[in-house]
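What follows is a short report on a single structure.
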Amino acid sequence: EIPALWPKLMQLLPFEGQKGPVGYGLCYGSDMEEGSFNYMAAIEIAPDRTPPAGLTLMQVPAQTYLVFRMTVGSGELQPQLRAAMKYVFEEGLPKSGRKPTGGIDLEVYGERFEPNKAGSILDFYIPVEA
């Protein structure tokens with residue numbers, strides 16, 4: 001279901017008040033026992049603007065983040081994202097010694113990211129205690 005959100009957002013871009021080309025995947029409301037979470041495909045918007053009809057506005061509070069970088073390989077993106085997230089939560093975060101806050105996790109699709117292009121870069125921002 002998550003991959004289907006991005007084309008819906010992309011067809012609305014650019015829109016008035018959009019701040020730059022960076023895309024964000026917001027992961028929130030995780031239930032580790034159930035293995036579920038909420039996901040939002042997002043673009044930053046100026047604080048004095050409202051998003052286009054059909055889009056929801058969500059504020060991400062300032063937080064301290066542990067950042068994990070992923071370089072995309074060849075092949076489908078979704079399996080690579082799943083493997084990266086598995087690493088982040090099962091190995092990277094525990095080995096870091098930092099405690100997650102349970103806040104909003106971010107996938108940051110910056111200017112060095114091109115879907116399905118090997119060598120593209122994206123970052124995972126995991127909120128941790130300061």
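By convention in this document, the chains of the structure tokens carry letters A, B, ... by their order, each chain's residues are numbered from 1, and ligands are numbered from 1 in the order they are shown.
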
Would you return as a count of residues only the members of range 10-92 of chain A that DSSP assigns to strand (DSSP E or B) on this structure's backbone?
31

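By only C-alpha atoms, and with residues fewer than 4 positions from Pro14 in chain A along its chain excluded, the set lying at most 12 Å from it is Leu9, Met10, Gln18, Lys19, Gly20, Pro21, Val22, Gly23, Ile43, Glu44, Ile45, Pro51 and Pro52 of chain A.
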
Excluding same-chain residues fewer than 5 positions from Arg112 in chain A, what lies within 10 Å of it counting only C-alpha atoms, as a ChimeraX atom specification?
/A:22,71,119-122

Mind dumping the selected residues with all heavy atoms as a CSV table (one decimal), in the first residue's frame?
chain,number,residue,atom,x,y,z
A,22,VAL,N,12.4,18.0,-1.7
A,22,VAL,CA,12.6,16.9,-0.8
A,22,VAL,C,11.3,16.2,-0.4
A,22,VAL,O,10.4,16.9,0.0
A,22,VAL,CB,13.4,17.3,0.5
A,22,VAL,CG1,13.6,16.1,1.4
A,22,VAL,CG2,14.8,17.9,0.1
A,71,THR,N,22.3,3.5,0.4
A,71,THR,CA,22.6,3.7,-1.0
A,71,THR,C,21.8,2.6,-1.8
A,71,THR,O,22.0,1.4,-1.5
A,71,THR,CB,24.1,3.5,-1.3
A,71,THR,OG1,24.8,4.5,-0.5
A,71,THR,CG2,24.4,3.7,-2.8
A,119,GLY,N,22.6,3.6,-6.9
A,119,GLY,CA,23.5,4.7,-6.4
A,119,GLY,C,22.8,5.8,-5.8
A,119,GLY,O,23.4,6.7,-5.2
A,120,SER,N,21.5,5.9,-5.9
A,120,SER,CA,20.7,6.9,-5.2
A,120,SER,C,20.9,6.8,-3.7
A,120,SER,O,21.1,5.7,-3.2
A,120,SER,CB,19.2,6.8,-5.5
A,120,SER,OG,19.0,7.1,-6.9
A,121,ILE,N,20.7,7.9,-3.0
A,121,ILE,CA,20.9,8.0,-1.6
A,121,ILE,C,19.6,8.4,-0.9
A,121,ILE,O,18.9,9.3,-1.4
A,121,ILE,CB,22.0,9.1,-1.2
A,121,ILE,CG1,23.3,8.8,-1.9
A,121,ILE,CG2,22.1,9.2,0.3
A,121,ILE,CD1,24.1,7.6,-1.4
A,122,LEU,N,19.2,7.7,0.2
A,122,LEU,CA,18.2,8.2,1.1
A,122,LEU,C,18.6,8.0,2.5
A,122,LEU,O,19.4,7.2,2.8
A,122,LEU,CB,16.8,7.6,0.7
A,122,LEU,CG,16.7,6.1,1.0
A,122,LEU,CD1,15.6,5.9,2.1
A,122,LEU,CD2,16.2,5.4,-0.2

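Residue neighbourhood of Ser96 in chain A, excluding near-sequence residues (fewer than 3 positions): Tyr65, Leu66, Val67, Phe68, Val88, Phe89, Glu90, Glu91, Gly92, Leu93, Lys99, Pro100, Ile126, Val128 and Glu129 of chain A, at 12 Å, using only C-alpha atoms.
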
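The nearest approach to Leu12 in chain A among the residues A:Pro94, A:Gly54, A:Gly35, A:Gly103, with only C-alpha atoms taken into account, belongs to A:Gly54.
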
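All residues within chain A that the backbone DSSP calculation assigns to alpha helix (DSSP H) are Ile2, Pro3, Ala4, Leu5, Trp6, Pro7, Lys8, Leu9, Met10, Leu77, Gln78, Pro79, Gln80, Leu81, Arg82, Ala83, Ala84, Met85, Lys86, Tyr87, Leu93, Pro94, Lys95 and Ser96 of chain A.
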
Separation of CA of Tyr39 in chain A from CA of Trp6 in chain A, in Å and rounded to one decimal:
10.9 Å

Computed gap from CA of Phe124 in chain A to CA of Pro79 in chain A is 15.4 Å

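Residue nearest Gly29 in chain A within the list A:Leu81, A:Ala118, A:Ile104, A:Val72: A:Ile104 [criterion: smallest interatomic distance, only C-alpha atoms].
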
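Excluding Pro3 in chain A itself and same-chain residues fewer than 4 positions from it, the residues having an atom within 10 Å of it are Pro7, Lys8, Ala41, Leu77 and Gln78 of chain A, counting only C-alpha atoms.
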
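Shortest atom-to-atom contact with Gln63 in chain A among A:Glu33, A:Asp105, A:Asp48, A:Glu1: A:Asp105, counting only C-alpha atoms.
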